[in-house]
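Asker: Provided herewith: query00.txt, compact mmCIF, C-alpha atoms and all ligand atoms.
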# COMPACT_ATOMS: atom_id res chain seq x y z
CA MET A 1294 -85.05 8.74 2.19
CA ALA A 1295 -84.13 6.74 -0.88
CA ASP A 1296 -84.02 9.51 -3.49
CA SER A 1297 -81.37 11.81 -2.04
CA ILE A 1298 -78.92 12.31 0.77
CA HIS A 1299 -80.66 12.45 4.14
CA ALA A 1300 -79.00 15.17 6.15
CA VAL A 1301 -78.75 13.70 9.63
CA HIS A 1302 -76.09 16.31 10.27
CA PRO A 1303 -76.28 19.06 7.58
CA ALA A 1304 -72.67 20.10 8.11
CA GLY A 1305 -71.50 16.51 8.25
CA ASP A 1306 -68.31 15.50 6.51
CA ILE A 1307 -69.19 11.87 5.80
CA ILE A 1308 -71.69 10.35 3.38
CA LEU A 1309 -72.87 7.05 4.81
CA THR A 1310 -74.20 4.76 2.08
CA LEU A 1311 -76.40 1.81 3.00
CA LYS A 1312 -75.65 -1.08 0.68
CA ASN A 1313 -77.96 -4.10 0.50
CA HIS A 1314 -80.36 -2.30 2.81
CA ASP A 1315 -83.74 -3.50 4.04
CA ALA A 1316 -83.10 -7.14 3.22
CA GLU A 1317 -85.25 -9.84 4.73
CA PHE A 1318 -84.65 -9.79 8.45
CA ALA A 1319 -84.47 -12.69 10.88
CA THR A 1320 -86.34 -15.42 9.02
CA TRP A 1321 -88.10 -17.85 11.32
CA ASP A 1322 -88.26 -21.39 9.99
CA SER A 1323 -91.42 -22.92 11.37
CA ASN A 1324 -90.28 -26.36 10.19
CA PHE A 1325 -87.25 -26.09 12.46
CA ASP A 1326 -89.22 -26.38 15.70
CA LYS A 1327 -91.38 -29.33 14.81
CA PRO A 1328 -92.92 -31.59 17.43
CA PRO A 1329 -91.67 -35.18 17.52
CA ALA A 1330 -93.38 -37.82 15.41
CA THR A 1331 -96.25 -39.05 17.53
CA ALA A 1332 -99.54 -40.75 16.80
CA ALA A 1333 -102.56 -39.41 18.62
CA PHE A 1334 -104.87 -41.78 20.40
CA PRO A 1335 -107.21 -43.27 17.82
CA VAL A 1336 -110.61 -41.69 18.21
CA SER A 1337 -112.37 -43.15 15.22
CA GLU A 1338 -111.59 -45.16 12.13
CA GLY A 1339 -111.48 -42.09 9.93
CA VAL A 1340 -109.07 -39.98 11.96
CA SER A 1341 -105.88 -41.13 10.31
CA ASP A 1342 -107.20 -40.29 6.84
CA SER A 1343 -107.35 -36.57 7.49
CA ALA A 1344 -103.65 -35.98 8.07
CA PRO A 1345 -102.36 -36.73 4.56
CA LYS A 1346 -105.14 -34.63 3.05
CA ASP A 1347 -104.15 -31.64 5.18
CA ALA A 1348 -100.53 -32.13 4.29
CA LEU A 1349 -101.26 -32.18 0.58
CA THR A 1350 -103.19 -28.92 0.54
CA GLY A 1351 -101.82 -25.51 1.20
CA GLU A 1352 -99.49 -24.41 -1.53
CA LYS A 1353 -99.11 -21.02 0.09
CA GLU A 1354 -99.87 -21.90 3.68
CA ASP A 1355 -96.29 -22.72 4.60
CA ALA A 1356 -95.13 -19.35 3.41
CA ASN A 1357 -97.76 -17.66 5.55
CA GLU A 1358 -96.61 -19.51 8.63
CA ASP A 1359 -93.14 -18.07 8.41
CA GLU A 1360 -93.08 -14.77 10.21
CA THR A 1361 -90.73 -12.86 8.06
CA THR A 1362 -90.34 -9.30 7.07
CA SER A 1363 -89.39 -8.51 3.55
CA GLY A 1364 -87.75 -5.35 2.52
CA SER A 1365 -89.16 -3.04 -0.09
CA ASP A 1366 -88.13 -4.42 -3.47
CA GLU A 1367 -88.59 -1.14 -5.25
CA ASN A 1368 -85.96 0.50 -3.10
CA GLN A 1369 -83.40 -2.28 -3.31
CA ASP A 1370 -81.58 -0.68 -6.24
CA ILE A 1371 -81.31 2.76 -4.62
CA ALA A 1372 -78.82 2.88 -1.81
CA PRO A 1373 -79.96 5.37 0.85
CA LYS A 1374 -77.34 7.91 1.82
CA MET A 1375 -77.01 9.91 5.02
CA ARG A 1376 -74.84 12.94 5.65
CA VAL A 1377 -73.34 12.41 9.06
CA SER A 1378 -70.59 13.81 11.21
CA SER A 1379 -67.37 11.85 11.54
CA MET A 1380 -66.88 13.37 14.96
CA HIS A 1381 -70.17 11.91 16.23
CA LEU A 1382 -69.49 8.57 14.61
CA ARG A 1383 -66.08 8.41 16.25
CA LEU A 1384 -67.27 9.56 19.66
CA ALA A 1385 -70.05 7.01 19.83
CA SER A 1386 -68.40 3.99 18.31
CA GLY A 1387 -65.07 2.34 18.83
CA TYR A 1388 -65.65 0.66 15.46
CA PHE A 1389 -65.91 3.96 13.58
CA ASN A 1390 -63.15 5.52 15.64
CA LYS A 1391 -60.80 2.87 14.37
CA MET A 1392 -62.19 2.83 10.84
CA LEU A 1393 -62.18 6.60 10.34
CA ASP A 1394 -58.83 7.21 11.92
CA GLY A 1395 -57.32 9.81 9.61
CA ARG A 1396 -60.08 9.43 7.03
CA TRP A 1397 -61.63 12.88 7.43
CA GLU A 1398 -58.37 14.47 6.36
CA GLU A 1399 -59.65 13.61 2.91
CA GLY A 1400 -62.10 16.48 3.35
CA ALA A 1401 -65.87 16.85 3.31
CA GLY A 1402 -67.66 14.29 1.24
CA SER A 1403 -65.74 11.25 2.39
CA THR A 1404 -67.89 8.18 2.00
CA VAL A 1405 -68.40 5.19 4.20
CA ASP A 1406 -70.40 2.12 3.23
CA ALA A 1407 -72.58 0.22 5.64
CA GLU A 1408 -73.87 -3.14 4.52
CA GLY A 1409 -77.10 -5.02 5.14
CA TRP A 1410 -78.86 -2.83 7.66
CA ASP A 1411 -82.48 -1.76 7.87
CA SER A 1412 -82.52 1.87 6.69
CA ASN A 1413 -85.07 3.03 9.28
CA ALA A 1414 -83.17 1.37 12.12
CA MET A 1415 -79.93 2.97 10.91
CA LEU A 1416 -81.60 6.39 10.72
CA ILE A 1417 -82.86 6.04 14.30
CA VAL A 1418 -79.36 5.10 15.47
CA MET A 1419 -77.77 7.97 13.55
CA ASN A 1420 -80.23 10.51 14.94
CA ALA A 1421 -79.61 9.17 18.45
CA ILE A 1422 -75.82 9.40 18.26
CA HIS A 1423 -75.99 12.88 16.71
CA GLY A 1424 -78.11 14.04 19.66
CA HIS A 1425 -81.27 14.70 17.63
CA VAL A 1426 -83.44 13.48 20.47
CA ARG A 1427 -86.69 14.79 18.99
CA LYS A 1428 -86.17 12.74 15.86
CA VAL A 1429 -85.72 9.54 17.84
CA PRO A 1430 -89.09 7.75 18.26
CA SER A 1431 -90.34 7.28 21.79
CA THR A 1432 -91.57 3.80 20.94
CA VAL A 1433 -90.42 1.17 18.47
CA SER A 1434 -91.77 -2.26 17.61
CA LEU A 1435 -90.02 -5.34 18.94
CA GLU A 1436 -88.71 -6.18 15.48
CA MET A 1437 -87.41 -2.65 14.96
CA LEU A 1438 -85.67 -2.83 18.33
CA ALA A 1439 -84.07 -6.10 17.27
CA LYS A 1440 -82.90 -4.40 14.05
CA ILE A 1441 -81.47 -1.55 16.11
CA ALA A 1442 -79.83 -4.03 18.50
CA VAL A 1443 -78.01 -5.71 15.63
CA ILE A 1444 -76.60 -2.33 14.51
CA VAL A 1445 -75.70 -1.34 18.07
CA ASP A 1446 -73.91 -4.62 18.60
CA TYR A 1447 -71.98 -4.37 15.34
CA TYR A 1448 -70.79 -0.77 15.79
CA ASP A 1449 -70.48 -0.92 19.58
CA TYR A 1450 -73.04 1.84 20.14
CA LEU A 1451 -74.41 0.64 23.50
CA GLU A 1452 -73.38 3.65 25.53
CA ALA A 1453 -74.84 6.13 23.04
CA ILE A 1454 -78.17 4.29 22.70
CA GLU A 1455 -78.59 3.02 26.26
CA THR A 1456 -80.98 5.73 27.47
CA PHE A 1457 -83.27 5.25 24.49
CA SER A 1458 -83.13 1.48 24.64
CA GLN A 1459 -84.31 1.34 28.24
CA LYS A 1460 -87.35 3.46 27.38
CA TRP A 1461 -88.18 1.38 24.30
CA ILE A 1462 -87.84 -1.87 26.22
CA GLY A 1463 -90.11 -0.59 28.98
CA LYS A 1464 -92.96 -0.02 26.54
CA LEU A 1465 -92.89 -3.37 24.77
CA ALA A 1466 -95.29 -6.21 25.50
CA LYS A 1467 -93.67 -9.43 26.56
CA PRO A 1468 -94.31 -12.76 24.85
CA SER A 1469 -95.22 -15.77 26.98
CA VAL A 1470 -94.79 -18.53 24.40
CA TYR A 1471 -91.52 -19.50 22.75
CA GLY A 1472 -91.09 -18.28 19.19
CA ARG A 1473 -89.49 -15.60 17.06
CA ASP A 1474 -90.36 -12.78 19.49
CA VAL A 1475 -88.66 -14.57 22.39
CA VAL A 1476 -85.48 -14.92 20.32
CA PHE A 1477 -85.71 -11.19 19.51
CA TRP A 1478 -85.94 -10.51 23.24
CA ILE A 1479 -82.95 -12.71 24.03
CA CYS A 1480 -80.89 -10.79 21.46
CA ILE A 1481 -82.13 -7.42 22.76
CA CYS A 1482 -81.36 -8.37 26.37
CA LEU A 1483 -77.84 -9.47 25.42
CA VAL A 1484 -77.07 -6.32 23.43
CA PHE A 1485 -78.69 -3.85 25.83
CA ARG A 1486 -77.75 -5.86 28.93
CA VAL A 1487 -81.13 -6.36 30.57
CA PRO A 1488 -80.71 -9.17 33.12
CA ASP A 1489 -84.27 -9.67 34.39
CA ALA A 1490 -85.90 -9.86 30.97
CA PHE A 1491 -83.05 -12.14 29.86
CA ARG A 1492 -83.81 -14.50 32.74
CA ILE A 1493 -87.54 -14.54 31.89
CA MET A 1494 -87.11 -14.98 28.13
CA THR A 1495 -84.51 -17.72 28.46
CA LYS A 1496 -86.85 -19.58 30.84
CA ILE A 1497 -89.57 -19.45 28.18
CA ALA A 1498 -87.05 -20.77 25.63
CA ILE A 1499 -85.99 -23.65 27.91
CA LYS A 1500 -89.64 -24.64 28.40
CA GLY A 1501 -90.80 -24.21 24.83
CA SER A 1502 -87.96 -24.79 22.36
CA ARG A 1503 -87.71 -28.22 20.73
CA GLY A 1504 -83.96 -28.16 20.09
CA PRO A 1505 -81.21 -25.53 19.84
CA ILE A 1506 -82.85 -22.13 19.40
CA GLN A 1507 -82.89 -20.51 15.97
CA THR A 1508 -80.70 -17.44 16.20
CA MET A 1509 -81.86 -16.22 12.76
CA GLY A 1510 -78.47 -14.57 12.26
CA LEU A 1511 -78.92 -12.34 15.31
CA PRO A 1512 -75.88 -11.71 17.51
CA ILE A 1513 -76.61 -14.42 20.06
CA PRO A 1514 -73.39 -16.17 21.14
CA GLN A 1515 -73.17 -19.92 20.56
CA GLU A 1516 -72.41 -20.25 24.27
CA VAL A 1517 -75.91 -18.99 25.05
CA VAL A 1518 -77.49 -21.33 22.49
CA ASN A 1519 -75.59 -24.28 23.96
CA LYS A 1520 -76.51 -23.46 27.56
CA LEU A 1521 -80.19 -23.12 26.65
CA GLU A 1522 -80.11 -26.43 24.82
CA THR A 1523 -78.39 -28.19 27.72
CA LYS A 1524 -81.05 -26.90 30.12
CA ARG A 1525 -83.89 -27.85 27.74
CA GLN A 1526 -82.55 -31.40 27.60
CA GLU A 1527 -82.15 -31.55 31.39
CA VAL A 1528 -85.67 -30.31 32.07
CA THR A 1529 -87.23 -32.49 29.38
CA GLY A 1530 -85.31 -35.43 30.79
CA SER A 1531 -86.70 -34.73 34.27
CA ALA A 1532 -90.24 -34.75 32.87
CA MET A 1533 -89.57 -38.01 31.03
CA ASP A 1534 -88.15 -39.52 34.23
CA ALA A 1535 -91.36 -38.63 36.05
CA ILE A 1536 -93.37 -40.52 33.43
CA TYR A 1537 -91.14 -43.60 33.64
CA ALA A 1538 -91.28 -43.43 37.45
CA LYS A 1539 -95.09 -43.38 37.28
CA GLN A 1540 -95.00 -46.46 35.10
CA ALA A 1541 -92.70 -48.24 37.57
CA GLU A 1542 -94.89 -47.18 40.51
CA LEU A 1543 -98.00 -48.63 38.92
CA CYS A 1544 -96.23 -51.97 38.43
CA VAL A 1545 -95.62 -52.36 42.14
CA GLY A 1546 -98.30 -50.23 43.78
CA GLY A 1547 -100.36 -47.10 43.36
CA GLY A 1548 -104.04 -46.99 42.56
CA CYS A 1549 -106.61 -48.03 45.10
CA MET A 1550 -106.78 -51.69 44.03
CA LEU A 1551 -105.21 -54.09 41.58
CA THR A 1552 -107.88 -53.53 38.90
CA CYS A 1553 -107.51 -49.76 39.19
CA ARG A 1554 -103.74 -50.07 38.92
CA ALA A 1555 -103.95 -52.40 35.93
CA MET A 1556 -106.32 -50.01 34.11
CA GLN A 1557 -104.10 -47.00 34.72
CA LEU A 1558 -100.91 -48.83 33.76
CA ARG A 1559 -102.46 -50.07 30.52
CA VAL A 1560 -103.62 -46.59 29.51
CA LEU A 1561 -100.22 -45.09 30.39
CA MET A 1562 -98.37 -47.72 28.36
CA ILE A 1563 -100.65 -47.27 25.35
CA TRP A 1564 -100.13 -43.50 25.57
CA MET A 1565 -96.36 -43.94 25.80
CA HIS A 1566 -96.43 -46.22 22.77
CA MET A 1567 -98.52 -43.76 20.77
CA GLU A 1568 -96.10 -40.98 21.71
CA TYR A 1569 -93.11 -43.20 20.82
CA LEU A 1570 -91.84 -42.73 24.37
CA ASP A 1571 -91.27 -46.46 24.77
CA ARG A 1572 -88.84 -46.32 21.82
CA LEU A 1573 -87.11 -43.03 22.59
CA GLN A 1574 -83.35 -43.42 22.29
CA PRO A 1575 -81.08 -41.59 24.77
CA GLU A 1576 -79.03 -40.17 21.89
CA SER A 1577 -82.13 -38.45 20.49
CA ALA A 1578 -81.41 -35.55 22.88
CA PHE A 1579 -85.22 -35.23 23.16
CA LEU A 1580 -85.26 -33.32 19.86
CA GLY A 1581 -88.80 -32.19 19.19
CA TRP A 1582 -89.74 -32.47 22.86
CA ASN A 1583 -90.03 -29.92 25.60
CA ILE A 1584 -91.68 -29.85 28.98
CA GLU A 1585 -94.63 -27.76 27.80
CA PHE A 1586 -95.37 -30.23 25.03
CA ILE A 1587 -95.17 -33.18 27.45
CA LEU A 1588 -97.68 -31.50 29.77
CA GLU A 1589 -99.94 -30.67 26.84
CA GLU A 1590 -99.94 -34.29 25.66
CA LEU A 1591 -100.43 -35.69 29.16
CA ARG A 1592 -103.49 -33.51 29.69
CA LYS A 1593 -105.10 -35.12 26.65
CA ILE A 1594 -105.18 -38.54 28.34
CA ASP A 1595 -108.60 -39.60 29.45
CA SER A 1596 -108.21 -41.55 32.68
CA PRO A 1597 -110.09 -44.85 32.57
CA LYS A 1598 -113.56 -44.67 34.08
CA TRP A 1599 -115.25 -47.98 34.74
CA ASP A 1600 -118.21 -49.47 36.54
CA ASP A 1601 -116.82 -50.67 39.86
CA ALA A 1602 -118.68 -53.92 40.54
CA THR A 1603 -116.89 -54.33 43.86
CA ARG A 1604 -119.01 -51.47 45.14
CA GLY A 1605 -122.25 -53.01 44.04
CA GLY A 1606 -122.33 -51.81 40.46
CA GLY A 1607 -123.45 -48.47 39.13
CA ASN A 1608 -120.44 -46.78 40.74
CA ILE A 1609 -118.16 -45.18 38.22
CA HIS A 1610 -114.57 -45.55 39.36
CA ARG A 1611 -112.77 -42.26 38.83
CA CYS A 1612 -109.18 -42.54 40.03
CA THR A 1613 -107.13 -40.30 37.75
CA LEU A 1614 -103.99 -41.40 36.03
CA THR A 1615 -102.47 -38.07 35.15
CA ARG A 1616 -103.33 -35.64 37.94
CA ASN A 1617 -100.35 -36.41 40.15
CA LEU A 1618 -98.09 -36.81 37.15
CA VAL A 1619 -99.11 -33.45 35.69
CA GLU A 1620 -98.62 -31.82 39.07
CA ARG A 1621 -95.18 -33.35 39.43
CA ILE A 1622 -94.04 -32.22 36.00
CA SER A 1623 -95.65 -28.79 36.43
CA GLU A 1624 -93.51 -28.32 39.54
CA VAL A 1625 -90.41 -29.13 37.50
CA ALA A 1626 -91.51 -26.48 34.97
CA MET A 1627 -92.15 -23.93 37.70
CA ASP A 1628 -88.69 -24.50 39.19
CA ILE A 1629 -86.85 -23.79 35.94
CA ARG A 1630 -84.48 -20.89 36.25
CA GLY A 1631 -83.63 -18.82 33.23
CA LEU A 1632 -80.06 -17.92 32.35
CA GLU A 1633 -78.11 -15.08 33.92
CA LEU A 1634 -76.26 -12.48 31.86
CA ALA A 1635 -73.50 -12.68 34.46
CA ASP A 1636 -72.90 -16.31 33.43
CA PHE A 1637 -71.64 -14.95 30.12
CA GLY A 1638 -69.54 -12.18 31.63
CA ILE A 1639 -72.13 -9.48 30.81
CA SER A 1640 -72.89 -6.94 33.50
CA PRO A 1641 -76.23 -5.05 33.57
CA SER A 1642 -76.20 -1.77 31.68
CA MET A 1643 -78.23 -0.05 34.39
CA PRO A 1644 -79.17 -0.88 38.00
CA ASN A 1645 -82.28 -3.03 38.02
CA LYS A 1646 -84.27 -0.55 40.08
CA GLU A 1647 -84.07 1.96 37.26
CA VAL A 1648 -85.40 -0.37 34.61
CA VAL A 1649 -88.91 0.75 33.85
CA TRP A 1650 -90.40 -2.58 32.92
CA ILE A 1651 -89.96 -4.07 36.39
CA ALA A 1652 -92.55 -1.64 37.66
CA ALA A 1653 -94.83 -2.76 34.85
CA GLY A 1654 -95.10 -6.17 36.46
CA TRP A 1655 -92.47 -8.21 34.74
CA GLN A 1656 -91.32 -9.94 37.94
CA ASN A 1657 -94.59 -11.77 38.22
CA SER A 1658 -94.43 -13.44 34.85
CA THR A 1659 -93.76 -17.09 34.12
ZN ZN B 1701 -108.78 -46.42 41.87
Is it possible to give me this structure as structure tokens?

Answerer:
Amino acid sequence: MADSIHAVHPAGDIILTLKNHDAEFATWDSNFDKPPATAAFPVSEGVSDSAPKDALTGEKEDANEDETTSGSDENQDIAPKMRVSSMHLRLASGYFNKMLDGRWEEGAGSTVDAEGWDSNAMLIVMNAIHGHVRKVPSTVSLEMLAKIAVIVDYYDYLEAIETFSQKWIGKLAKPSVYGRDVVFWICICLVFRVPDAFRIMTKIAIKGSRGPIQTMGLPIPQEVVNKLETKRQEVTGSAMDAIYAKQAELCVGGGCMLTCRAMQLRVLMIWMHMEYLDRLQPESAFLGWNIEFILEELRKIDSPKWDDATRGGGNIHRCTLTRNLVERISEVAMDIRGLELADFGISPSMPNKEVVWIAAGWQNST
């Protein structure tokens, strides 16, 4: 579509020119969501030597970690053009209605520039609003849907695209681990007003983000970012409290006998020191931490096993340090509630019962 005018509407009176099209979209900075500085339990003398070596290699590895999509360089200098109908643009979009007010009196061939969009996403949107249903794909990738969502949000095209968006959303796989795809979903749910998926995806973000979420320039209101971050800090704080409570419990009781208690307390305190938890400042806002990471680190602790001479020797004592603690924190994680669109004054675009993906088993996730 780069070499000539793409006739979305052959009799159209507007030439839509895409400037700065197909630029890099939604760059995910993998250094942004780093875990906190911790030192793993020493396993052998040589363990600490491996880290600097790993860090010094990999000239290209960092670039590979970033999940980014680059546009086609060869097409950057050719601005795609689409012949479209001002009537359809105006009907579908309050933005264009205002912008084009009186413009078409200039006659056929009036031009309008659009800046920074993905050309394929724009073509899908244009075909949809011009009623060319057969030219609108029945499925799109998550990233393409995010690109479409950005355009829909900017031009206020929700009503015109709503029917298509619900079908696309229903066919997409859902992520279960926080990352770029979850942020795409949060944006898509906000733009297309999908409350249940929004609740699920924001819960994943609360459990798995390590600080304020990266919006990557997507239209995600700061209010949503702030609310997610507040909940991440609350939940992480609850998990931390459970660890400190366990430490306090072992000082005054717990364990089946004093020796057992002393062993468990010592291991817990060493672990907390290695994880820097005994030096964590309240003002750190738990940056780098989240409840999933805490559970992951706790599960790495080997509870002390020792020969219990009080039982005649040869009896390995197996009280576990972390089982109850992991259970307690897992319950906190299970009880997390994701955010509601209604909290941000956004009503669902369609009744929940009509949203296809619920039938595909979304309710049972997370
Ligand atoms: Zn014991």

Asker: Quick one: which chain A residues come within 7 Å of ligand ZN 1701 (chain B), and what is the nearest atom pair for each with the distance in Å to one decimal, counting only C-alpha atoms and all ligand atoms, rows ordered by chain and ascending number, as JSON lines?

Answerer:
{"residue": "A:Gly1548", "atom": "CA", "partner": "B:ZN1701", "partner_atom": "ZN", "distance": 4.8}
{"residue": "A:Cys1549", "atom": "CA", "partner": "B:ZN1701", "partner_atom": "ZN", "distance": 4.2}
{"residue": "A:Met1550", "atom": "CA", "partner": "B:ZN1701", "partner_atom": "ZN", "distance": 6.0}
{"residue": "A:Cys1553", "atom": "CA", "partner": "B:ZN1701", "partner_atom": "ZN", "distance": 4.5}
{"residue": "A:Arg1554", "atom": "CA", "partner": "B:ZN1701", "partner_atom": "ZN", "distance": 6.9}
{"residue": "A:His1610", "atom": "CA", "partner": "B:ZN1701", "partner_atom": "ZN", "distance": 6.4}
{"residue": "A:Arg1611", "atom": "CA", "partner": "B:ZN1701", "partner_atom": "ZN", "distance": 6.5}
{"residue": "A:Cys1612", "atom": "CA", "partner": "B:ZN1701", "partner_atom": "ZN", "distance": 4.3}

Asker: Using CA of Met1415 (chain A) and CA of Ser1403 (chain A) as the two end points, give the distance in Å to one decimal.

Answerer: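 For CA of Met1415 (chain A) relative to CA of Ser1403 (chain A), the distance reads 18.5 Å.
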
Asker: Distance table requested - region 1520-1539 of chain A against region 1492-1499 of chain A, cut-off 8 Å, all atoms listed in the file: one row per qualifying residue with the closest atom pair and its distance in Å to one decimal, ordered by chain and rising residue number, as JSON lines.

Answerer:
{"residue": "A:Leu1521", "atom": "CA", "partner": "A:Ile1499", "partner_atom": "CA", "distance": 6.0}
{"residue": "A:Glu1522", "atom": "CA", "partner": "A:Ile1499", "partner_atom": "CA", "distance": 7.2}
{"residue": "A:Lys1524", "atom": "CA", "partner": "A:Ile1499", "partner_atom": "CA", "distance": 6.3}
{"residue": "A:Arg1525", "atom": "CA", "partner": "A:Ile1499", "partner_atom": "CA", "distance": 4.7}
{"residue": "A:Val1528", "atom": "CA", "partner": "A:Ile1499", "partner_atom": "CA", "distance": 7.9}

Asker: Pick out the closest residue to Phe1586 (chain A) from this set: A:Asp1315, A:Glu1452, A:Asp1326, A:Asp1394. Count all atoms listed in the file.

Answerer: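 Nearest candidate to Phe1586 (chain A) out of A:Asp1315, A:Glu1452, A:Asp1326, A:Asp1394: A:Asp1326.
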
Asker: Have a look at CA of Gly1504 (chain A) and CA of Tyr1471 (chain A) and let me know their distance in Å, one decimal.

Answerer: 11.8 Å

Asker: Given the choices A:Arg1572, A:Ala1414, A:Phe1579, A:Gln1507, which gets closest to Thr1523 (chain A) if the distance is worked out from only C-alpha atoms?

Answerer: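 Checking each of A:Arg1572, A:Ala1414, A:Phe1579, A:Gln1507 against Thr1523 (chain A), counting only C-alpha atoms, the winner is A:Phe1579.
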
Asker: Can I get N, CA and C atoms for region 1546-1565 of chain A, as a compact mmCIF listing (two decimals), in the first residue's frame?

Answerer:
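Saved as selection-v8.txt:
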# COMPACT_ATOMS: atom_id res chain seq x y z
N GLY A 1546 7.76 -18.64 70.28
CA GLY A 1546 7.08 -19.93 70.25
C GLY A 1546 7.26 -20.55 68.88
N GLY A 1547 6.33 -21.43 68.52
CA GLY A 1547 6.43 -22.08 67.22
C GLY A 1547 7.46 -23.18 67.25
N GLY A 1548 7.43 -24.04 66.26
CA GLY A 1548 8.35 -25.18 66.27
C GLY A 1548 7.94 -26.15 67.36
N CYS A 1549 8.45 -27.33 67.31
CA CYS A 1549 8.01 -28.34 68.27
C CYS A 1549 8.86 -28.34 69.53
N MET A 1550 10.03 -27.69 69.49
CA MET A 1550 10.91 -27.63 70.65
C MET A 1550 11.88 -26.48 70.44
N LEU A 1551 12.58 -26.12 71.49
CA LEU A 1551 13.46 -24.96 71.42
C LEU A 1551 14.51 -25.12 70.30
N THR A 1552 15.11 -26.29 70.19
CA THR A 1552 16.14 -26.50 69.16
C THR A 1552 15.55 -26.31 67.77
N CYS A 1553 14.37 -26.87 67.56
CA CYS A 1553 13.68 -26.76 66.27
C CYS A 1553 13.44 -25.28 65.95
N ARG A 1554 12.95 -24.56 66.96
CA ARG A 1554 12.63 -23.15 66.79
C ARG A 1554 13.89 -22.35 66.46
N ALA A 1555 14.96 -22.65 67.19
CA ALA A 1555 16.23 -21.93 66.99
C ALA A 1555 16.76 -22.17 65.58
N MET A 1556 16.65 -23.41 65.11
CA MET A 1556 17.13 -23.75 63.76
C MET A 1556 16.34 -22.97 62.71
N GLN A 1557 15.02 -23.00 62.86
CA GLN A 1557 14.17 -22.32 61.87
C GLN A 1557 14.40 -20.81 61.88
N LEU A 1558 14.51 -20.24 63.08
CA LEU A 1558 14.70 -18.80 63.19
C LEU A 1558 16.02 -18.39 62.55
N ARG A 1559 17.05 -19.19 62.76
CA ARG A 1559 18.37 -18.86 62.21
C ARG A 1559 18.33 -18.88 60.68
N VAL A 1560 17.69 -19.92 60.12
CA VAL A 1560 17.61 -20.01 58.67
C VAL A 1560 16.80 -18.83 58.11
N LEU A 1561 15.68 -18.51 58.79
CA LEU A 1561 14.85 -17.40 58.30
C LEU A 1561 15.62 -16.09 58.33
N MET A 1562 16.37 -15.86 59.41
CA MET A 1562 17.11 -14.60 59.53
C MET A 1562 18.24 -14.52 58.51
N ILE A 1563 18.89 -15.64 58.25
CA ILE A 1563 19.95 -15.64 57.22
C ILE A 1563 19.32 -15.33 55.85
N TRP A 1564 18.18 -15.98 55.60
CA TRP A 1564 17.49 -15.74 54.31
C TRP A 1564 17.10 -14.26 54.17
N MET A 1565 16.56 -13.70 55.25
CA MET A 1565 16.15 -12.30 55.21
C MET A 1565 17.35 -11.38 54.99
